[in-house]
>>> print(open('query31.txt').read())   # compact mmCIF, C-alpha atoms
# COMPACT_ATOMS: atom_id res chain seq x y z
CA MET I 29 -33.12 -49.11 4.33
CA ARG I 30 -35.25 -46.48 6.08
CA THR I 31 -32.18 -45.21 7.96
CA LEU I 32 -30.16 -44.92 4.74
CA LEU I 33 -32.96 -42.97 3.06
CA SER I 34 -33.27 -40.60 6.00
CA ARG I 35 -29.52 -39.93 5.90
CA LEU I 36 -29.67 -39.22 2.21
CA ARG I 37 -32.53 -36.77 2.74
CA ARG I 38 -30.50 -34.89 5.34
CA GLN I 39 -27.51 -34.31 3.03
CA PRO I 40 -26.85 -30.55 2.59
CA GLU I 41 -27.48 -28.98 -0.77
CA PRO I 42 -24.30 -28.65 -2.83
CA ALA I 43 -22.81 -25.16 -2.78
CA ALA I 44 -23.67 -23.05 -5.79
CA GLN I 45 -20.81 -22.97 -8.26
CA PRO I 46 -19.46 -19.59 -9.43
CA SER I 47 -20.84 -18.52 -12.78
CA ILE I 48 -19.19 -16.41 -15.45
CA LEU I 49 -22.38 -14.34 -15.32
CA ASP I 50 -21.17 -13.04 -11.95
CA GLU I 51 -18.49 -11.13 -13.84
CA TYR I 52 -21.00 -8.97 -15.73
CA VAL I 53 -21.87 -5.40 -14.67
CA THR I 54 -25.56 -4.66 -15.07
CA SER I 55 -25.61 -0.98 -14.05
CA ALA I 56 -24.94 1.94 -16.38
CA PRO I 57 -21.22 2.60 -17.12
CA SER I 58 -19.42 4.70 -14.52
CA PRO I 59 -15.89 5.31 -13.24
CA GLN I 60 -16.87 3.64 -9.97
CA ASN I 61 -17.72 0.43 -11.80
CA ALA I 62 -14.16 0.26 -13.08
CA VAL I 63 -12.66 0.89 -9.65
CA ASP I 64 -14.97 -1.72 -8.11
CA VAL I 65 -13.40 -4.47 -10.22
CA PHE I 66 -10.84 -4.41 -7.38
CA ALA I 67 -13.18 -3.36 -4.58
CA GLY I 68 -11.50 -3.49 -1.19
CA GLU I 69 -8.02 -3.84 -2.69
CA TRP I 70 -7.08 -0.24 -3.45
CA SER I 71 -4.42 1.50 -1.36
CA SER I 72 -4.89 4.90 -3.03
CA GLN I 73 -7.53 7.56 -2.82
CA VAL I 74 -8.40 7.94 -6.51
CA PRO I 75 -9.88 11.35 -7.44
CA GLY I 76 -13.59 11.28 -8.22
CA VAL I 77 -14.33 7.77 -6.97
CA SER I 78 -14.36 5.72 -3.79
CA ALA I 79 -11.21 3.58 -3.66
CA GLY I 80 -8.53 3.34 -0.93
CA PRO I 81 -7.43 5.38 2.10
CA ILE I 82 -3.97 6.80 1.19
CA PRO I 83 -3.61 10.11 -0.74
CA LEU I 84 -1.08 8.82 -3.25
CA PHE I 85 -2.52 10.93 -6.09
CA ALA I 86 -1.77 14.06 -4.01
CA ASP I 87 1.36 12.98 -2.16
CA ASP I 88 3.42 15.55 -0.25
CA ARG I 89 6.55 13.48 -0.83
CA VAL I 90 6.19 13.88 -4.58
CA GLU I 91 5.55 17.62 -4.27
CA TRP I 92 8.70 17.90 -2.15
CA ALA I 93 10.70 15.91 -4.69
CA LEU I 94 9.48 18.06 -7.57
CA ASP I 95 10.55 21.17 -5.67
CA GLN I 96 14.00 19.73 -4.88
CA LEU I 97 14.48 18.62 -8.49
CA GLY I 98 13.43 21.95 -9.93
CA GLY I 99 10.47 20.29 -11.63
CA VAL I 100 10.32 17.59 -14.28
CA THR I 101 9.09 19.59 -17.25
CA GLY I 102 10.30 17.87 -20.41
CA ALA I 103 12.04 15.11 -18.43
CA SER I 104 12.06 11.40 -19.16
CA VAL I 105 11.19 9.39 -16.04
CA LEU I 106 11.61 5.73 -15.17
CA GLU I 107 9.22 4.83 -12.37
CA LEU I 108 9.88 1.62 -10.46
CA GLY I 109 6.73 0.02 -9.07
CA PRO I 110 3.92 2.55 -9.72
CA LEU I 111 1.45 0.56 -7.55
CA GLU I 112 -1.83 2.18 -8.67
CA GLY I 113 -0.54 5.07 -10.76
CA GLY I 114 -0.86 7.88 -8.20
CA HIS I 115 2.70 9.13 -8.46
CA THR I 116 2.68 8.51 -12.20
CA HIS I 117 -0.29 10.84 -12.47
CA MET I 118 1.50 13.54 -10.48
CA LEU I 119 4.66 13.25 -12.60
CA SER I 120 2.62 13.39 -15.79
CA ARG I 121 0.71 16.47 -14.60
CA ALA I 122 4.00 18.13 -13.59
CA GLY I 123 5.11 18.10 -17.23
CA ALA I 124 7.29 15.01 -17.65
CA SER I 125 7.69 14.28 -21.35
CA SER I 126 7.48 10.55 -20.69
CA VAL I 127 7.01 8.23 -17.71
CA LEU I 128 7.85 4.56 -18.19
CA ALA I 129 6.22 2.87 -15.19
CA ILE I 130 7.15 -0.78 -14.62
CA GLU I 131 4.87 -2.86 -12.38
CA SER I 132 5.28 -6.60 -11.70
CA GLN I 133 2.14 -7.28 -9.63
CA THR I 134 -0.61 -8.11 -12.12
CA ARG I 135 -3.50 -6.73 -10.08
CA ALA I 136 -1.62 -3.50 -9.38
CA TYR I 137 -0.81 -3.22 -13.08
CA LEU I 138 -4.50 -3.49 -14.01
CA LYS I 139 -5.36 -0.87 -11.39
CA CYS I 140 -2.80 1.44 -13.02
CA LEU I 141 -4.57 0.99 -16.36
CA ILE I 142 -7.90 1.81 -14.72
CA ALA I 143 -6.44 4.97 -13.19
CA LYS I 144 -4.98 6.00 -16.54
CA GLU I 145 -8.33 5.48 -18.27
CA LEU I 146 -10.21 7.47 -15.63
CA LEU I 147 -7.77 10.35 -15.16
CA GLY I 148 -5.78 10.56 -18.37
CA MET I 149 -2.00 10.32 -18.29
CA PRO I 150 -0.87 11.01 -21.85
CA ALA I 151 2.82 10.99 -20.98
CA ALA I 152 2.67 7.69 -19.10
CA ARG I 153 3.19 4.16 -20.32
CA PHE I 154 2.53 1.29 -17.92
CA VAL I 155 4.27 -2.00 -18.64
CA LEU I 156 3.95 -5.34 -16.85
CA GLY I 157 7.14 -7.02 -15.74
CA ASP I 158 10.05 -7.08 -13.29
CA PHE I 159 11.91 -3.77 -13.24
CA MET I 160 15.06 -5.52 -12.02
CA ALA I 161 15.10 -7.67 -15.16
CA TYR I 162 14.56 -4.52 -17.22
CA LEU I 163 17.38 -2.65 -15.50
CA ARG I 164 19.78 -5.56 -15.94
CA ASP I 165 18.99 -6.05 -19.62
CA HIS I 166 18.53 -2.50 -20.95
CA ALA I 167 20.94 0.40 -21.30
CA ASP I 168 18.22 3.04 -21.59
CA ARG I 169 18.96 6.34 -19.85
CA PHE I 170 16.46 8.60 -18.12
CA ASP I 171 16.54 12.06 -16.63
CA LEU I 172 14.99 10.75 -13.42
CA VAL I 173 14.62 7.39 -11.73
CA PHE I 174 11.62 7.50 -9.38
CA ALA I 175 11.57 4.74 -6.76
CA SER I 176 8.95 5.19 -4.06
CA GLY I 177 8.18 2.28 -1.77
CA VAL I 178 10.19 -0.38 -3.58
CA LEU I 179 13.73 -0.65 -2.20
CA TYR I 180 12.70 -2.39 1.03
CA HIS I 181 10.83 -4.99 -1.05
CA MET I 182 14.01 -6.10 -2.83
CA ARG I 183 16.01 -9.21 -2.01
CA ASN I 184 19.19 -7.43 -3.15
CA PRO I 185 18.56 -3.74 -2.51
CA VAL I 186 22.17 -2.76 -3.16
CA GLU I 187 21.97 -4.20 -6.67
CA THR I 188 18.86 -2.07 -7.18
CA ILE I 189 20.79 1.04 -6.14
CA ALA I 190 23.66 0.10 -8.46
CA LEU I 191 21.31 -0.37 -11.40
CA THR I 192 19.53 2.95 -10.82
CA ALA I 193 22.93 4.64 -11.05
CA ARG I 194 23.30 3.20 -14.56
CA ALA I 195 19.81 4.24 -15.61
CA GLY I 196 19.52 7.89 -14.61
CA SER I 197 21.17 11.14 -13.60
CA ARG I 198 18.67 12.05 -10.86
CA LEU I 199 16.99 9.87 -8.26
CA PHE I 200 14.00 10.13 -5.96
CA LEU I 201 13.83 7.45 -3.31
CA TRP I 202 11.36 6.82 -0.48
CA THR I 203 12.02 3.72 1.55
CA HIS I 204 11.89 2.06 4.93
CA TYR I 205 15.19 1.21 6.57
CA HIS I 206 16.29 -1.09 9.38
CA ASP I 207 17.09 0.19 12.84
CA GLU I 208 17.89 -2.55 15.32
CA GLU I 209 16.74 -0.71 18.44
CA ILE I 210 13.46 0.43 16.89
CA VAL I 211 12.71 -2.97 15.36
CA ARG I 212 13.31 -4.91 18.58
CA SER I 213 11.04 -2.58 20.54
CA SER I 214 8.17 -3.01 18.06
CA GLU I 215 5.65 -5.82 18.55
CA LEU I 216 4.71 -5.49 14.87
CA LEU I 217 8.21 -5.48 13.37
CA SER I 218 10.30 -7.64 15.68
CA PRO I 219 8.78 -11.04 14.70
CA ARG I 220 9.09 -10.22 11.00
CA PHE I 221 12.87 -9.75 11.00
CA THR I 222 14.39 -13.20 11.31
CA THR I 223 18.07 -13.04 10.35
CA ALA I 224 20.87 -10.69 9.36
CA GLU I 225 23.73 -11.61 7.07
CA THR I 226 26.70 -9.82 5.56
CA SER I 227 26.73 -9.45 1.81
CA SER I 228 28.74 -7.81 -0.94
CA HIS I 229 27.77 -6.37 -4.31
CA GLU I 230 30.31 -4.89 -6.72
CA GLY I 231 32.73 -4.24 -3.88
CA PHE I 232 30.23 -2.77 -1.43
CA GLU I 233 30.05 -4.63 1.88
CA HIS I 234 26.76 -4.37 3.78
CA THR I 235 24.29 -6.19 6.01
CA LEU I 236 20.95 -7.56 4.80
CA HIS I 237 18.15 -7.71 7.36
CA ARG I 238 15.64 -10.36 6.29
CA PHE I 239 11.98 -9.33 6.51
CA GLU I 240 9.22 -11.97 6.26
CA TYR I 241 5.87 -11.04 4.67
CA GLU I 242 4.06 -13.89 6.44
CA SER I 243 0.25 -13.59 6.38
CA ALA I 244 0.33 -10.47 4.20
CA LEU I 245 0.92 -12.82 1.25
CA GLN I 246 -2.69 -13.97 1.55
CA LEU I 247 -4.12 -10.50 0.84
CA LYS I 248 -5.30 -9.71 -2.68
CA GLY I 249 -4.23 -6.12 -2.11
CA PHE I 250 -0.65 -7.20 -1.22
CA CYS I 251 1.82 -4.77 -2.76
CA GLY I 252 5.18 -6.09 -1.63
CA GLY I 253 7.94 -7.94 -3.43
CA SER I 254 7.74 -11.09 -5.53
CA ALA I 255 9.25 -13.45 -2.94
CA PRO I 256 8.15 -14.54 0.56
CA HIS I 257 10.75 -12.21 2.07
CA SER I 258 12.76 -9.09 1.32
CA ASN I 259 15.95 -7.59 2.74
CA TRP I 260 16.21 -4.18 4.37
CA LEU I 261 19.27 -1.98 4.69
CA SER I 262 20.22 0.11 7.69
CA ARG I 263 20.19 3.86 7.19
CA LYS I 264 24.00 3.86 7.31
CA ASP I 265 24.32 1.16 4.64
CA LEU I 266 21.65 2.82 2.50
CA LEU I 267 23.47 6.16 2.37
CA ALA I 268 26.86 4.49 1.95
CA ALA I 269 25.56 2.36 -0.94
CA LEU I 270 24.24 5.43 -2.73
CA ALA I 271 27.64 7.11 -2.40
CA HIS I 272 29.51 3.96 -3.47
CA PHE I 273 27.62 3.84 -6.76
CA GLY I 274 27.99 7.54 -7.51
CA TRP I 275 24.81 9.08 -6.14
CA GLN I 276 25.24 12.38 -4.29
CA VAL I 277 22.41 12.92 -1.83
CA LYS I 278 21.20 16.52 -2.11
CA ALA I 279 18.30 16.52 0.35
CA VAL I 280 16.59 14.25 2.88
CA SER I 281 13.07 14.72 4.23
CA PHE I 282 10.09 12.80 5.62
CA ASP I 283 12.57 11.17 7.98
CA THR I 284 10.22 9.27 10.29
CA PRO I 285 11.94 6.84 12.68
CA ASP I 286 8.57 6.24 14.35
CA HIS I 287 6.74 5.24 11.16
CA PRO I 288 4.39 2.39 12.19
CA HIS I 289 5.71 0.09 9.47
CA GLY I 290 9.37 0.83 10.15
CA PRO I 291 11.68 3.85 9.99
CA ALA I 292 11.47 5.64 6.66
CA LEU I 293 12.93 8.55 4.74
CA ALA I 294 12.76 10.30 1.38
CA LEU I 295 15.74 11.62 -0.51
CA VAL I 296 16.79 13.24 -3.75
CA ALA I 297 20.17 12.42 -5.26
CA THR I 298 22.08 13.37 -8.41
CA LYS I 299 25.04 12.13 -10.40
CA SER I 300 27.69 14.35 -11.94
>>> encode(input="query31.txt", output="structure tokens")
Amino acid sequence: MRTLLSRLRRQPEPAAQPSILDEYVTSAPSPQNAVDVFAGEWSSQVPGVSAGPIPLFADDRVEWALDQLGGVTGASVLELGPLEGGHTHMLSRAGASSVLAIESQTRAYLKCLIAKELLGMPAARFVLGDFMAYLRDHADRFDLVFASGVLYHMRNPVETIALTARAGSRLFLWTHYHDEEIVRSSELLSPRFTTAETSSHEGFEHTLHRFEYESALQLKGFCGGSAPHSNWLSRKDLLAALAHFGWQVKAVSFDTPDHPHGPALALVATKS
């Protein structure tokens, strides 16, 4: 009996259970309080507060695109995957008449709403959902389709290209692409690409290079696609797919084969 009692006395205290009171903010209202709802999860440097490391609210790629496009004053824009609203803010400030920004990741969507509240984006409307479902189901037309950092997160990137050609007359695209030699020489990338398979979409033959997200799926700040893997295109297939679906590439820049997360480029394209 004594032994049993001594064992019971040595039992650890039960862990404290989370309380809804932990969700209350007790300091005076501030922009930083709003950003700190997602502390440690931000990718973007948000003006006026401490957030993430990347200058997506002052992005040279967007400035280059605006120059190549001759500006966006009065233009309607469809933005695919706004992440945290940095590019949306730049497009709005550049004079776009409207920016419909479609985000499927719920935490990223809420961060977009925080950025809009803090910085003001009167031309922008953020909506939560899958932009592929939207593109398949709607016939809306826009002056510009803006797709930065999304194509390499698609399972069927060629379908995405085909659908953008239905939705707009101008395109900005920044994306990673697959290069076999570069991938195989990279300790970071090589284990993530597992297979390659031929595919066809609306008569366009291409190769899909399967990329596994692996442990990145455990991060609250994850900003990839909605499946455990995506498929990348080679540079050759990317440019050929654009041409197949009627896009005429007018300029290419930020072409960085040595990008640490895989070769990447930015381009502007138009349709006649």
>>> closest_residue(input="query31.txt", among="I:Met149, I:Val63, I:Ala136, I:Ala167", to="I:Ala122", atoms="all atoms listed in the file")
I:Met149
>>> atom_distance(input="query31.txt", atom1="atom CA of I:Gly290", atom2="atom CA of I:Asn184")
18.5 Å
>>> closest_residue(input="query31.txt", among="I:Ala129, I:Arg169, I:Pro81, I:Thr134", to="I:Gly68", atoms="all atoms listed in the file")
I:Pro81
>>> atom_distance(input="query31.txt", atom1="atom CA of I:Leu267", atom2="atom CA of I:Ser213")
23.7 Å
>>> residues_around(input="query31.txt", residues="I:Leu146", least_positions_apart="2", cutoff="10 Å", atoms="all atoms listed in the file", output="list of chain:residue names")
I:Ser58, I:Pro59, I:Gln60, I:Ala62, I:Val63, I:Val74, I:Pro75, I:Gly76, I:Val77, I:Cys140, I:Leu141, I:Ile142, I:Ala143, I:Lys144, I:Gly148, I:Met149
>>> closest_residue(input="query31.txt", among="I:Leu147, I:Ala44, I:Val65, I:Leu217", to="I:Phe85", atoms="only C-alpha atoms")
I:Leu147
>>> decode(input="query31.txt", residues="stretch 233-282 of chain I", atoms="N, CA and C atoms", output="mmCIF file, in the first residue's frame")
data_model
loop_
_atom_site.group_PDB
_atom_site.id
_atom_site.type_symbol
_atom_site.label_atom_id
_atom_site.label_comp_id
_atom_site.auth_asym_id
_atom_site.auth_seq_id
_atom_site.Cartn_x
_atom_site.Cartn_y
_atom_site.Cartn_z
ATOM 1 N N GLU I 233 1.765 18.186 -75.973
ATOM 2 C CA GLU I 233 2.534 17.123 -75.337
ATOM 3 C C GLU I 233 3.683 17.729 -74.522
ATOM 4 N N HIS I 234 3.882 17.225 -73.307
ATOM 5 C CA HIS I 234 4.912 17.789 -72.437
ATOM 6 C C HIS I 234 5.310 16.760 -71.378
ATOM 7 N N THR I 235 6.305 17.108 -70.593
ATOM 8 C CA THR I 235 6.767 16.253 -69.505
ATOM 9 C C THR I 235 6.513 16.948 -68.177
ATOM 10 N N LEU I 236 5.954 16.197 -67.228
ATOM 11 C CA LEU I 236 5.721 16.691 -65.876
ATOM 12 C C LEU I 236 6.781 16.110 -64.948
ATOM 13 N N HIS I 237 7.458 16.985 -64.227
ATOM 14 C CA HIS I 237 8.497 16.576 -63.286
ATOM 15 C C HIS I 237 7.934 16.719 -61.873
ATOM 16 N N ARG I 238 7.706 15.601 -61.217
ATOM 17 C CA ARG I 238 7.017 15.576 -59.926
ATOM 18 C C ARG I 238 7.921 16.074 -58.798
ATOM 19 N N PHE I 239 7.422 17.049 -58.053
ATOM 20 C CA PHE I 239 8.156 17.660 -56.949
ATOM 21 C C PHE I 239 7.405 17.376 -55.652
ATOM 22 N N GLU I 240 8.088 16.791 -54.662
ATOM 23 C CA GLU I 240 7.473 16.442 -53.384
ATOM 24 C C GLU I 240 7.740 17.543 -52.351
ATOM 25 N N TYR I 241 6.683 17.973 -51.641
ATOM 26 C CA TYR I 241 6.854 19.009 -50.616
ATOM 27 C C TYR I 241 7.490 18.459 -49.337
ATOM 28 N N GLU I 242 7.241 17.209 -49.040
ATOM 29 C CA GLU I 242 7.830 16.522 -47.888
ATOM 30 C C GLU I 242 7.588 17.290 -46.585
ATOM 31 N N SER I 243 8.643 17.552 -45.828
ATOM 32 C CA SER I 243 8.484 18.131 -44.484
ATOM 33 C C SER I 243 7.958 19.562 -44.498
ATOM 34 N N ALA I 244 8.029 20.234 -45.638
ATOM 35 C CA ALA I 244 7.503 21.606 -45.713
ATOM 36 C C ALA I 244 6.013 21.648 -45.396
ATOM 37 N N LEU I 245 5.319 20.531 -45.570
ATOM 38 C CA LEU I 245 3.887 20.478 -45.289
ATOM 39 C C LEU I 245 3.574 20.635 -43.808
ATOM 40 N N GLN I 246 4.578 20.502 -42.964
ATOM 41 C CA GLN I 246 4.358 20.635 -41.520
ATOM 42 C C GLN I 246 4.477 22.082 -41.040
ATOM 43 N N LEU I 247 4.880 22.991 -41.902
ATOM 44 C CA LEU I 247 5.096 24.383 -41.518
ATOM 45 C C LEU I 247 3.808 25.184 -41.634
ATOM 46 N N LYS I 248 3.479 25.947 -40.586
ATOM 47 C CA LYS I 248 2.282 26.786 -40.654
ATOM 48 C C LYS I 248 2.404 27.869 -41.722
ATOM 49 N N GLY I 249 3.630 28.286 -42.008
ATOM 50 C CA GLY I 249 3.850 29.288 -43.033
ATOM 51 C C GLY I 249 3.974 28.719 -44.434
ATOM 52 N N PHE I 250 3.666 27.422 -44.624
ATOM 53 C CA PHE I 250 3.740 26.779 -45.941
ATOM 54 C C PHE I 250 2.893 27.543 -46.951
ATOM 55 N N CYS I 251 3.468 27.812 -48.111
ATOM 56 C CA CYS I 251 2.733 28.582 -49.120
ATOM 57 C C CYS I 251 2.819 27.906 -50.487
ATOM 58 N N GLY I 252 2.756 26.591 -50.493
ATOM 59 C CA GLY I 252 2.791 25.847 -51.743
ATOM 60 C C GLY I 252 1.401 25.482 -52.229
ATOM 61 N N GLY I 253 1.325 24.400 -52.989
ATOM 62 C CA GLY I 253 0.054 23.970 -53.540
ATOM 63 C C GLY I 253 -0.784 23.203 -52.537
ATOM 64 N N SER I 254 -1.946 22.741 -52.993
ATOM 65 C CA SER I 254 -2.924 22.114 -52.101
ATOM 66 C C SER I 254 -2.824 20.593 -52.057
ATOM 67 N N ALA I 255 -1.774 20.040 -52.656
ATOM 68 C CA ALA I 255 -1.564 18.588 -52.652
ATOM 69 C C ALA I 255 -0.156 18.300 -52.137
ATOM 70 N N PRO I 256 0.151 17.047 -51.795
ATOM 71 C CA PRO I 256 1.498 16.736 -51.287
ATOM 72 C C PRO I 256 2.608 16.917 -52.319
ATOM 73 N N HIS I 257 2.244 17.068 -53.584
ATOM 74 C CA HIS I 257 3.260 17.266 -54.618
ATOM 75 C C HIS I 257 2.731 18.221 -55.678
ATOM 76 N N SER I 258 3.656 18.737 -56.483
ATOM 77 C CA SER I 258 3.295 19.534 -57.649
ATOM 78 C C SER I 258 4.082 18.999 -58.837
ATOM 79 N N ASN I 259 3.869 19.580 -60.000
ATOM 80 C CA ASN I 259 4.607 19.173 -61.197
ATOM 81 C C ASN I 259 5.221 20.404 -61.863
ATOM 82 N N TRP I 260 6.510 20.318 -62.128
ATOM 83 C CA TRP I 260 7.222 21.409 -62.785
ATOM 84 C C TRP I 260 7.371 21.117 -64.273
ATOM 85 N N LEU I 261 7.471 22.199 -65.040
ATOM 86 C CA LEU I 261 7.769 22.117 -66.465
ATOM 87 C C LEU I 261 9.226 22.505 -66.701
ATOM 88 N N SER I 262 9.805 21.964 -67.754
ATOM 89 C CA SER I 262 11.102 22.465 -68.201
ATOM 90 C C SER I 262 10.903 23.844 -68.825
ATOM 91 N N ARG I 263 11.971 24.574 -68.949
ATOM 92 C CA ARG I 263 11.905 25.885 -69.603
ATOM 93 C C ARG I 263 11.368 25.740 -71.033
ATOM 94 N N LYS I 264 11.846 24.716 -71.746
ATOM 95 C CA LYS I 264 11.407 24.501 -73.126
ATOM 96 C C LYS I 264 9.907 24.254 -73.187
ATOM 97 N N ASP I 265 9.402 23.364 -72.329
ATOM 98 C CA ASP I 265 7.970 23.072 -72.332
ATOM 99 C C ASP I 265 7.154 24.279 -71.872
ATOM 100 N N LEU I 266 7.675 25.037 -70.920
ATOM 101 C CA LEU I 266 6.972 26.227 -70.456
ATOM 102 C C LEU I 266 6.750 27.204 -71.597
ATOM 103 N N LEU I 267 7.806 27.535 -72.326
ATOM 104 C CA LEU I 267 7.685 28.507 -73.411
ATOM 105 C C LEU I 267 6.839 27.956 -74.558
ATOM 106 N N ALA I 268 6.975 26.657 -74.825
ATOM 107 C CA ALA I 268 6.179 26.048 -75.893
ATOM 108 C C ALA I 268 4.698 26.016 -75.529
ATOM 109 N N ALA I 269 4.389 25.768 -74.250
ATOM 110 C CA ALA I 269 2.992 25.753 -73.814
ATOM 111 C C ALA I 269 2.365 27.136 -73.956
ATOM 112 N N LEU I 270 3.095 28.159 -73.575
ATOM 113 C CA LEU I 270 2.581 29.519 -73.739
ATOM 114 C C LEU I 270 2.243 29.796 -75.202
ATOM 115 N N ALA I 271 3.147 29.429 -76.097
ATOM 116 C CA ALA I 271 2.908 29.652 -77.524
ATOM 117 C C ALA I 271 1.730 28.825 -78.036
ATOM 118 N N HIS I 272 1.633 27.583 -77.569
ATOM 119 C CA HIS I 272 0.552 26.695 -78.024
ATOM 120 C C HIS I 272 -0.822 27.281 -77.714
ATOM 121 N N PHE I 273 -0.936 27.944 -76.564
ATOM 122 C CA PHE I 273 -2.236 28.480 -76.160
ATOM 123 C C PHE I 273 -2.392 29.969 -76.480
ATOM 124 N N GLY I 274 -1.530 30.475 -77.353
ATOM 125 C CA GLY I 274 -1.748 31.807 -77.908
ATOM 126 C C GLY I 274 -1.022 32.947 -77.242
ATOM 127 N N TRP I 275 -0.207 32.666 -76.234
ATOM 128 C CA TRP I 275 0.562 33.733 -75.590
ATOM 129 C C TRP I 275 1.822 34.018 -76.399
ATOM 130 N N GLN I 276 2.095 35.299 -76.618
ATOM 131 C CA GLN I 276 3.316 35.729 -77.295
ATOM 132 C C GLN I 276 4.225 36.384 -76.258
ATOM 133 N N VAL I 277 5.323 35.743 -75.951
ATOM 134 C CA VAL I 277 6.241 36.262 -74.937
ATOM 135 C C VAL I 277 6.940 37.500 -75.478
ATOM 136 N N LYS I 278 6.812 38.611 -74.768
ATOM 137 C CA LYS I 278 7.385 39.883 -75.201
ATOM 138 C C LYS I 278 8.719 40.180 -74.517
ATOM 139 N N ALA I 279 8.896 39.691 -73.297
ATOM 140 C CA ALA I 279 10.138 39.973 -72.569
ATOM 141 C C ALA I 279 10.340 38.928 -71.489
ATOM 142 N N VAL I 280 11.610 38.604 -71.245
ATOM 143 C CA VAL I 280 11.996 37.680 -70.177
ATOM 144 C C VAL I 280 13.068 38.359 -69.338
ATOM 145 N N SER I 281 12.969 38.231 -68.026
ATOM 146 C CA SER I 281 13.967 38.807 -67.135
ATOM 147 C C SER I 281 14.036 37.979 -65.852
ATOM 148 N N PHE I 282 14.893 38.393 -64.947
ATOM 149 C CA PHE I 282 15.096 37.675 -63.676
ATOM 150 C C PHE I 282 15.312 36.186 -63.927
#
